[in-house]
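Structure first, then comments.
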Amino acid sequence: MKYTCEVEIDKPVAKVIELFDNAENMPLWMEGLESFEHLSGTPGQPGAKSKLVFKMGKRGMEMIETITVRNLPEEFSGFYEMNGTINNIKNSFIPITDSKTKYVTVQEFEFKNFGMKLFAFLMPGMFKKQTLKYLKSFKKFAESQA
């Protein structure tokens, strides 16, 4: 399953990158994120691995992030592994004007187990809805910063 989402942010691309690239900001816009722990490699660079722990309702979820490309603002990519699912994500930040940025994310999911394949087949919109929720939350966060 593959899809693209985007949002326009009323901030210059340099400011958007500064906010996006700071792991300390993640809990401020990524609802449900309880912890972000660097595991190996140089933080923020290709090959780096981190563990993210989320609480969504009563359900907990852990994923391992591996950064694959860091060429900001053109591309920041990685894959996220959790419970038989791999999510490959490519983020791009495109200047629209001196004070406006388009944030585009391409999400591609690979499902390793039948349960997740079935869930994705029955509820594909849930994945895109969650991605849009995070993009809108990041937009709100970024636009609230000086």
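As shown in the structure tokens, the chain order sets the letters A, B, ...; within each chain, residues go from 1, and ligands are also counted from 1 in the order they appear.
The list of residues with at least one atom within 8 Å of Val13 of chain A, based on only C-alpha atoms and without residues fewer than 3 positions apart in the same chain, reads Val16, Ile17, Pro73, Phe93, Ile94, Pro95, Asp98, Ser99, Lys100 and Thr101 of chain A.
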So which residues touch segment 104-113 of chain A within 8 Å, counting only C-alpha atoms, skipping near sequence neighbours fewer than 4 positions away, as number ranges by chain?
A: 1-7, 84-94, 117
To one decimal place, how far is atom CA of Lys136 of chain A from atom CA of Gly32 of chain A in Å?
14.7 Å
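Comparing the minimum interatomic distances between Glu62 of chain A and each of A:Phe76, A:Phe141, A:Phe36, A:Tyr103, counting only C-alpha atoms, we find that A:Phe36 sits nearest.
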Leaving out Phe54 of chain A and any residue of its chain fewer than 6 positions from it, which residues lie within 9 Å of it when counting only C-alpha atoms, given as a CSV table (one decimal) with N, CA and C atoms, in the first residue's frame?
chain,number,residue,atom,x,y,z
A,31,GLU,N,1.3,13.1,18.4
A,31,GLU,CA,0.4,12.6,19.5
A,31,GLU,C,0.6,11.1,19.8
A,32,GLY,N,0.7,10.8,21.0
A,32,GLY,CA,0.8,9.4,21.4
A,32,GLY,C,2.3,9.0,21.6
A,33,LEU,N,3.2,9.8,21.2
A,33,LEU,CA,4.6,9.5,21.3
A,33,LEU,C,5.0,9.6,22.8
A,34,GLU,N,5.4,8.5,23.4
A,34,GLU,CA,5.8,8.5,24.8
A,34,GLU,C,7.3,8.6,25.0
A,35,SER,N,8.1,8.0,24.1
A,35,SER,CA,9.5,8.1,24.2
A,35,SER,C,10.2,7.9,22.8
A,60,GLY,N,-0.4,0.0,23.3
A,60,GLY,CA,1.0,0.4,23.2
A,60,GLY,C,1.6,-0.1,21.9
A,61,MET,N,2.6,0.6,21.4
A,61,MET,CA,3.2,0.2,20.1
A,61,MET,C,4.6,0.7,20.1
A,62,GLU,N,5.6,-0.2,19.8
A,62,GLU,CA,7.0,0.1,19.6
A,62,GLU,C,7.4,0.0,18.2
A,63,MET,N,8.2,0.8,17.7
A,63,MET,CA,8.8,0.7,16.3
A,63,MET,C,10.2,1.1,16.4
So which residues of chain A fall under strand (DSSP E) by DSSP, listed as a PDB file with N, CA and C atoms, in the first residue's frame?
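File produced: out-v5.pdb:
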ATOM      1  N   LYS A   2       0.611   2.171  -0.913  1.00  0.00           N
ATOM      2  CA  LYS A   2       1.428   3.372  -1.040  1.00  0.00           C
ATOM      3  C   LYS A   2       0.507   4.566  -1.246  1.00  0.00           C
ATOM      4  N   TYR A   3       0.838   5.691  -0.588  1.00  0.00           N
ATOM      5  CA  TYR A   3       0.070   6.920  -0.770  1.00  0.00           C
ATOM      6  C   TYR A   3       0.945   8.124  -0.448  1.00  0.00           C
ATOM      7  N   THR A   4       0.471   9.296  -0.858  1.00  0.00           N
ATOM      8  CA  THR A   4       1.164  10.562  -0.634  1.00  0.00           C
ATOM      9  C   THR A   4       0.229  11.519   0.081  1.00  0.00           C
ATOM     10  N   CYS A   5       0.771  12.255   1.040  1.00  0.00           N
ATOM     11  CA  CYS A   5       0.028  13.313   1.734  1.00  0.00           C
ATOM     12  C   CYS A   5       0.896  14.570   1.745  1.00  0.00           C
ATOM     13  N   GLU A   6       0.247  15.727   1.794  1.00  0.00           N
ATOM     14  CA  GLU A   6       1.001  16.971   1.859  1.00  0.00           C
ATOM     15  C   GLU A   6       0.227  18.026   2.618  1.00  0.00           C
ATOM     16  N   VAL A   7       0.974  19.016   3.095  1.00  0.00           N
ATOM     17  CA  VAL A   7       0.388  20.141   3.807  1.00  0.00           C
ATOM     18  C   VAL A   7       1.264  21.361   3.533  1.00  0.00           C
ATOM     19  N   GLU A   8       0.639  22.534   3.470  1.00  0.00           N
ATOM     20  CA  GLU A   8       1.380  23.783   3.325  1.00  0.00           C
ATOM     21  C   GLU A   8       1.530  24.424   4.685  1.00  0.00           C
ATOM     22  N   ILE A   9       2.759  24.847   4.985  1.00  0.00           N
ATOM     23  CA  ILE A   9       3.086  25.426   6.283  1.00  0.00           C
ATOM     24  C   ILE A   9       3.510  26.877   6.078  1.00  0.00           C
ATOM     25  N   LEU A  33       3.234   9.821  21.176  1.00  0.00           N
ATOM     26  CA  LEU A  33       4.641   9.454  21.333  1.00  0.00           C
ATOM     27  C   LEU A  33       5.035   9.597  22.798  1.00  0.00           C
ATOM     28  N   GLU A  34       5.408   8.482  23.405  1.00  0.00           N
ATOM     29  CA  GLU A  34       5.805   8.491  24.814  1.00  0.00           C
ATOM     30  C   GLU A  34       7.310   8.596  24.989  1.00  0.00           C
ATOM     31  N   SER A  35       8.075   8.003  24.050  1.00  0.00           N
ATOM     32  CA  SER A  35       9.527   8.109  24.163  1.00  0.00           C
ATOM     33  C   SER A  35      10.190   7.907  22.804  1.00  0.00           C
ATOM     34  N   PHE A  36      11.360   8.491  22.683  1.00  0.00           N
ATOM     35  CA  PHE A  36      12.209   8.378  21.500  1.00  0.00           C
ATOM     36  C   PHE A  36      13.607   8.113  22.028  1.00  0.00           C
ATOM     37  N   GLU A  37      14.152   6.920  21.734  1.00  0.00           N
ATOM     38  CA  GLU A  37      15.445   6.512  22.270  1.00  0.00           C
ATOM     39  C   GLU A  37      16.403   6.184  21.136  1.00  0.00           C
ATOM     40  N   HIS A  38      17.515   6.906  21.081  1.00  0.00           N
ATOM     41  CA  HIS A  38      18.544   6.617  20.084  1.00  0.00           C
ATOM     42  C   HIS A  38      19.218   5.294  20.444  1.00  0.00           C
ATOM     43  N   LEU A  39      19.361   4.403  19.456  1.00  0.00           N
ATOM     44  CA  LEU A  39      19.950   3.082  19.696  1.00  0.00           C
ATOM     45  C   LEU A  39      21.363   2.945  19.153  1.00  0.00           C
ATOM     46  N   SER A  40      21.587   3.412  17.906  1.00  0.00           N
ATOM     47  CA  SER A  40      22.911   3.236  17.313  1.00  0.00           C
ATOM     48  C   SER A  40      23.109   4.207  16.152  1.00  0.00           C
ATOM     49  N   LYS A  49      19.695   4.237  14.161  1.00  0.00           N
ATOM     50  CA  LYS A  49      18.492   3.509  14.587  1.00  0.00           C
ATOM     51  C   LYS A  49      18.006   4.106  15.897  1.00  0.00           C
ATOM     52  N   SER A  50      16.679   4.206  16.014  1.00  0.00           N
ATOM     53  CA  SER A  50      16.045   4.716  17.226  1.00  0.00           C
ATOM     54  C   SER A  50      14.794   3.904  17.505  1.00  0.00           C
ATOM     55  N   LYS A  51      14.410   3.873  18.783  1.00  0.00           N
ATOM     56  CA  LYS A  51      13.177   3.196  19.178  1.00  0.00           C
ATOM     57  C   LYS A  51      12.151   4.263  19.559  1.00  0.00           C
ATOM     58  N   LEU A  52      10.953   4.147  18.977  1.00  0.00           N
ATOM     59  CA  LEU A  52       9.847   5.031  19.297  1.00  0.00           C
ATOM     60  C   LEU A  52       8.777   4.210  19.995  1.00  0.00           C
ATOM     61  N   VAL A  53       8.264   4.726  21.107  1.00  0.00           N
ATOM     62  CA  VAL A  53       7.207   4.058  21.854  1.00  0.00           C
ATOM     63  C   VAL A  53       5.982   4.963  21.843  1.00  0.00           C
ATOM     64  N   PHE A  54       4.860   4.406  21.396  1.00  0.00           N
ATOM     65  CA  PHE A  54       3.603   5.143  21.298  1.00  0.00           C
ATOM     66  C   PHE A  54       2.558   4.524  22.203  1.00  0.00           C
ATOM     67  N   LYS A  55       1.654   5.352  22.658  1.00  0.00           N
ATOM     68  CA  LYS A  55       0.458   4.895  23.372  1.00  0.00           C
ATOM     69  C   LYS A  55      -0.724   5.454  22.588  1.00  0.00           C
ATOM     70  N   MET A  56      -1.520   4.558  22.023  1.00  0.00           N
ATOM     71  CA  MET A  56      -2.687   4.962  21.238  1.00  0.00           C
ATOM     72  C   MET A  56      -3.914   4.354  21.902  1.00  0.00           C
ATOM     73  N   ARG A  59      -3.736   0.952  23.796  1.00  0.00           N
ATOM     74  CA  ARG A  59      -2.783   0.087  23.108  1.00  0.00           C
ATOM     75  C   ARG A  59      -1.406   0.745  23.032  1.00  0.00           C
ATOM     76  N   GLY A  60      -0.381  -0.027  23.339  1.00  0.00           N
ATOM     77  CA  GLY A  60       0.983   0.447  23.196  1.00  0.00           C
ATOM     78  C   GLY A  60       1.596  -0.096  21.914  1.00  0.00           C
ATOM     79  N   MET A  61       2.563   0.619  21.371  1.00  0.00           N
ATOM     80  CA  MET A  61       3.199   0.190  20.130  1.00  0.00           C
ATOM     81  C   MET A  61       4.648   0.667  20.139  1.00  0.00           C
ATOM     82  N   GLU A  62       5.557  -0.223  19.764  1.00  0.00           N
ATOM     83  CA  GLU A  62       6.962   0.125  19.617  1.00  0.00           C
ATOM     84  C   GLU A  62       7.361  -0.044  18.166  1.00  0.00           C
ATOM     85  N   MET A  63       8.227   0.843  17.698  1.00  0.00           N
ATOM     86  CA  MET A  63       8.773   0.694  16.345  1.00  0.00           C
ATOM     87  C   MET A  63      10.235   1.100  16.355  1.00  0.00           C
ATOM     88  N   ILE A  64      10.966   0.520  15.420  1.00  0.00           N
ATOM     89  CA  ILE A  64      12.374   0.854  15.236  1.00  0.00           C
ATOM     90  C   ILE A  64      12.501   1.661  13.952  1.00  0.00           C
ATOM     91  N   GLU A  65      13.081   2.840  14.087  1.00  0.00           N
ATOM     92  CA  GLU A  65      13.329   3.731  12.948  1.00  0.00           C
ATOM     93  C   GLU A  65      14.763   3.527  12.479  1.00  0.00           C
ATOM     94  N   THR A  66      14.935   3.403  11.165  1.00  0.00           N
ATOM     95  CA  THR A  66      16.259   3.390  10.565  1.00  0.00           C
ATOM     96  C   THR A  66      16.289   4.467   9.494  1.00  0.00           C
ATOM     97  N   ILE A  67      17.153   5.449   9.647  1.00  0.00           N
ATOM     98  CA  ILE A  67      17.257   6.535   8.672  1.00  0.00           C
ATOM     99  C   ILE A  67      18.049   6.029   7.469  1.00  0.00           C
ATOM    100  N   THR A  68      17.517   6.285   6.269  1.00  0.00           N
ATOM    101  CA  THR A  68      18.187   5.818   5.044  1.00  0.00           C
ATOM    102  C   THR A  68      18.744   6.963   4.196  1.00  0.00           C
ATOM    103  N   VAL A  69      18.083   8.127   4.187  1.00  0.00           N
ATOM    104  CA  VAL A  69      18.542   9.268   3.386  1.00  0.00           C
ATOM    105  C   VAL A  69      18.371  10.544   4.204  1.00  0.00           C
ATOM    106  N   ARG A  70      19.406  11.369   4.199  1.00  0.00           N
ATOM    107  CA  ARG A  70      19.318  12.688   4.826  1.00  0.00           C
ATOM    108  C   ARG A  70      19.914  13.685   3.845  1.00  0.00           C
ATOM    109  N   ASN A  71      19.054  14.371   3.143  1.00  0.00           N
ATOM    110  CA  ASN A  71      19.448  15.386   2.177  1.00  0.00           C
ATOM    111  C   ASN A  71      18.410  16.506   2.264  1.00  0.00           C
ATOM    112  N   GLU A  75      15.073  15.674   0.847  1.00  0.00           N
ATOM    113  CA  GLU A  75      14.630  14.337   1.269  1.00  0.00           C
ATOM    114  C   GLU A  75      15.159  13.971   2.642  1.00  0.00           C
ATOM    115  N   PHE A  76      14.258  13.422   3.435  1.00  0.00           N
ATOM    116  CA  PHE A  76      14.612  12.757   4.686  1.00  0.00           C
ATOM    117  C   PHE A  76      13.789  11.481   4.703  1.00  0.00           C
ATOM    118  N   SER A  77      14.467  10.335   4.575  1.00  0.00           N
ATOM    119  CA  SER A  77      13.765   9.064   4.434  1.00  0.00           C
ATOM    120  C   SER A  77      14.237   8.060   5.466  1.00  0.00           C
ATOM    121  N   GLY A  78      13.349   7.110   5.727  1.00  0.00           N
ATOM    122  CA  GLY A  78      13.685   6.039   6.639  1.00  0.00           C
ATOM    123  C   GLY A  78      12.625   4.963   6.594  1.00  0.00           C
ATOM    124  N   PHE A  79      12.897   3.887   7.310  1.00  0.00           N
ATOM    125  CA  PHE A  79      11.864   2.873   7.430  1.00  0.00           C
ATOM    126  C   PHE A  79      11.644   2.568   8.893  1.00  0.00           C
ATOM    127  N   TYR A  80      10.413   2.172   9.166  1.00  0.00           N
ATOM    128  CA  TYR A  80       9.932   1.948  10.521  1.00  0.00           C
ATOM    129  C   TYR A  80       9.393   0.530  10.592  1.00  0.00           C
ATOM    130  N   GLU A  81       9.947  -0.260  11.491  1.00  0.00           N
ATOM    131  CA  GLU A  81       9.562  -1.666  11.616  1.00  0.00           C
ATOM    132  C   GLU A  81       8.777  -1.876  12.901  1.00  0.00           C
ATOM    133  N   MET A  82       7.626  -2.572  12.768  1.00  0.00           N
ATOM    134  CA  MET A  82       6.810  -2.892  13.932  1.00  0.00           C
ATOM    135  C   MET A  82       5.910  -4.061  13.605  1.00  0.00           C
ATOM    136  N   THR A  85       5.203  -5.286  10.182  1.00  0.00           N
ATOM    137  CA  THR A  85       4.923  -4.213   9.225  1.00  0.00           C
ATOM    138  C   THR A  85       6.175  -3.374   9.049  1.00  0.00           C
ATOM    139  N   ILE A  86       6.459  -3.013   7.811  1.00  0.00           N
ATOM    140  CA  ILE A  86       7.532  -2.061   7.513  1.00  0.00           C
ATOM    141  C   ILE A  86       6.895  -0.885   6.793  1.00  0.00           C
ATOM    142  N   ASN A  87       7.177   0.321   7.291  1.00  0.00           N
ATOM    143  CA  ASN A  87       6.667   1.544   6.684  1.00  0.00           C
ATOM    144  C   ASN A  87       7.859   2.336   6.166  1.00  0.00           C
ATOM    145  N   ASN A  88       7.981   2.432   4.842  1.00  0.00           N
ATOM    146  CA  ASN A  88       9.018   3.250   4.222  1.00  0.00           C
ATOM    147  C   ASN A  88       8.439   4.644   4.031  1.00  0.00           C
ATOM    148  N   ILE A  89       9.159   5.656   4.527  1.00  0.00           N
ATOM    149  CA  ILE A  89       8.664   7.027   4.471  1.00  0.00           C
ATOM    150  C   ILE A  89       9.705   7.922   3.815  1.00  0.00           C
ATOM    151  N   LYS A  90       9.246   8.736   2.866  1.00  0.00           N
ATOM    152  CA  LYS A  90      10.085   9.766   2.257  1.00  0.00           C
ATOM    153  C   LYS A  90       9.434  11.110   2.545  1.00  0.00           C
ATOM    154  N   ASN A  91      10.147  11.982   3.239  1.00  0.00           N
ATOM    155  CA  ASN A  91       9.676  13.333   3.533  1.00  0.00           C
ATOM    156  C   ASN A  91      10.440  14.322   2.675  1.00  0.00           C
ATOM    157  N   SER A  92       9.716  15.290   2.108  1.00  0.00           N
ATOM    158  CA  SER A  92      10.328  16.357   1.309  1.00  0.00           C
ATOM    159  C   SER A  92       9.739  17.685   1.739  1.00  0.00           C
ATOM    160  N   PHE A  93      10.562  18.721   1.689  1.00  0.00           N
ATOM    161  CA  PHE A  93      10.148  20.062   2.085  1.00  0.00           C
ATOM    162  C   PHE A  93      10.463  21.004   0.936  1.00  0.00           C
ATOM    163  N   ILE A  94       9.420  21.565   0.335  1.00  0.00           N
ATOM    164  CA  ILE A  94       9.561  22.330  -0.894  1.00  0.00           C
ATOM    165  C   ILE A  94       9.182  23.782  -0.633  1.00  0.00           C
ATOM    166  N   PRO A  95      10.115  24.728  -0.865  1.00  0.00           N
ATOM    167  CA  PRO A  95       9.751  26.132  -0.681  1.00  0.00           C
ATOM    168  C   PRO A  95       8.718  26.551  -1.727  1.00  0.00           C
ATOM    169  N   ILE A  96       7.638  27.152  -1.266  1.00  0.00           N
ATOM    170  CA  ILE A  96       6.613  27.681  -2.174  1.00  0.00           C
ATOM    171  C   ILE A  96       6.882  29.164  -2.399  1.00  0.00           C
ATOM    172  N   THR A  97       7.111  29.876  -1.298  1.00  0.00           N
ATOM    173  CA  THR A  97       7.536  31.280  -1.312  1.00  0.00           C
ATOM    174  C   THR A  97       8.607  31.404  -0.236  1.00  0.00           C
ATOM    175  N   LYS A 100       6.598  30.283   2.917  1.00  0.00           N
ATOM    176  CA  LYS A 100       5.664  29.156   2.881  1.00  0.00           C
ATOM    177  C   LYS A 100       6.376  27.920   2.344  1.00  0.00           C
ATOM    178  N   THR A 101       6.087  26.767   2.977  1.00  0.00           N
ATOM    179  CA  THR A 101       6.735  25.501   2.637  1.00  0.00           C
ATOM    180  C   THR A 101       5.690  24.416   2.430  1.00  0.00           C
ATOM    181  N   LYS A 102       5.895  23.590   1.406  1.00  0.00           N
ATOM    182  CA  LYS A 102       5.054  22.402   1.217  1.00  0.00           C
ATOM    183  C   LYS A 102       5.811  21.209   1.787  1.00  0.00           C
ATOM    184  N   TYR A 103       5.148  20.518   2.726  1.00  0.00           N
ATOM    185  CA  TYR A 103       5.691  19.301   3.332  1.00  0.00           C
ATOM    186  C   TYR A 103       4.967  18.134   2.675  1.00  0.00           C
ATOM    187  N   VAL A 104       5.730  17.288   1.967  1.00  0.00           N
ATOM    188  CA  VAL A 104       5.171  16.139   1.251  1.00  0.00           C
ATOM    189  C   VAL A 104       5.759  14.871   1.854  1.00  0.00           C
ATOM    190  N   THR A 105       4.891  13.911   2.134  1.00  0.00           N
ATOM    191  CA  THR A 105       5.361  12.623   2.632  1.00  0.00           C
ATOM    192  C   THR A 105       4.769  11.503   1.784  1.00  0.00           C
ATOM    193  N   VAL A 106       5.632  10.593   1.379  1.00  0.00           N
ATOM    194  CA  VAL A 106       5.215   9.403   0.638  1.00  0.00           C
ATOM    195  C   VAL A 106       5.385   8.222   1.590  1.00  0.00           C
ATOM    196  N   GLN A 107       4.300   7.500   1.795  1.00  0.00           N
ATOM    197  CA  GLN A 107       4.279   6.377   2.730  1.00  0.00           C
ATOM    198  C   GLN A 107       4.045   5.084   1.947  1.00  0.00           C
ATOM    199  N   GLU A 108       4.886   4.092   2.208  1.00  0.00           N
ATOM    200  CA  GLU A 108       4.700   2.786   1.571  1.00  0.00           C
ATOM    201  C   GLU A 108       4.806   1.706   2.647  1.00  0.00           C
ATOM    202  N   PHE A 109       3.748   0.931   2.763  1.00  0.00           N
ATOM    203  CA  PHE A 109       3.674  -0.112   3.782  1.00  0.00           C
ATOM    204  C   PHE A 109       3.867  -1.487   3.167  1.00  0.00           C
ATOM    205  N   GLU A 110       4.621  -2.329   3.880  1.00  0.00           N
ATOM    206  CA  GLU A 110       4.757  -3.747   3.549  1.00  0.00           C
ATOM    207  C   GLU A 110       4.260  -4.516   4.768  1.00  0.00           C
ATOM    208  N   PHE A 111       3.320  -5.416   4.549  1.00  0.00           N
ATOM    209  CA  PHE A 111       2.745  -6.185   5.648  1.00  0.00           C
ATOM    210  C   PHE A 111       3.238  -7.625   5.566  1.00  0.00           C
TER     211      PHE A 111
END
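From atom CA of Gly57 of chain A back to atom CA of Thr131 of chain A, the distance works out to 16.9 Å.
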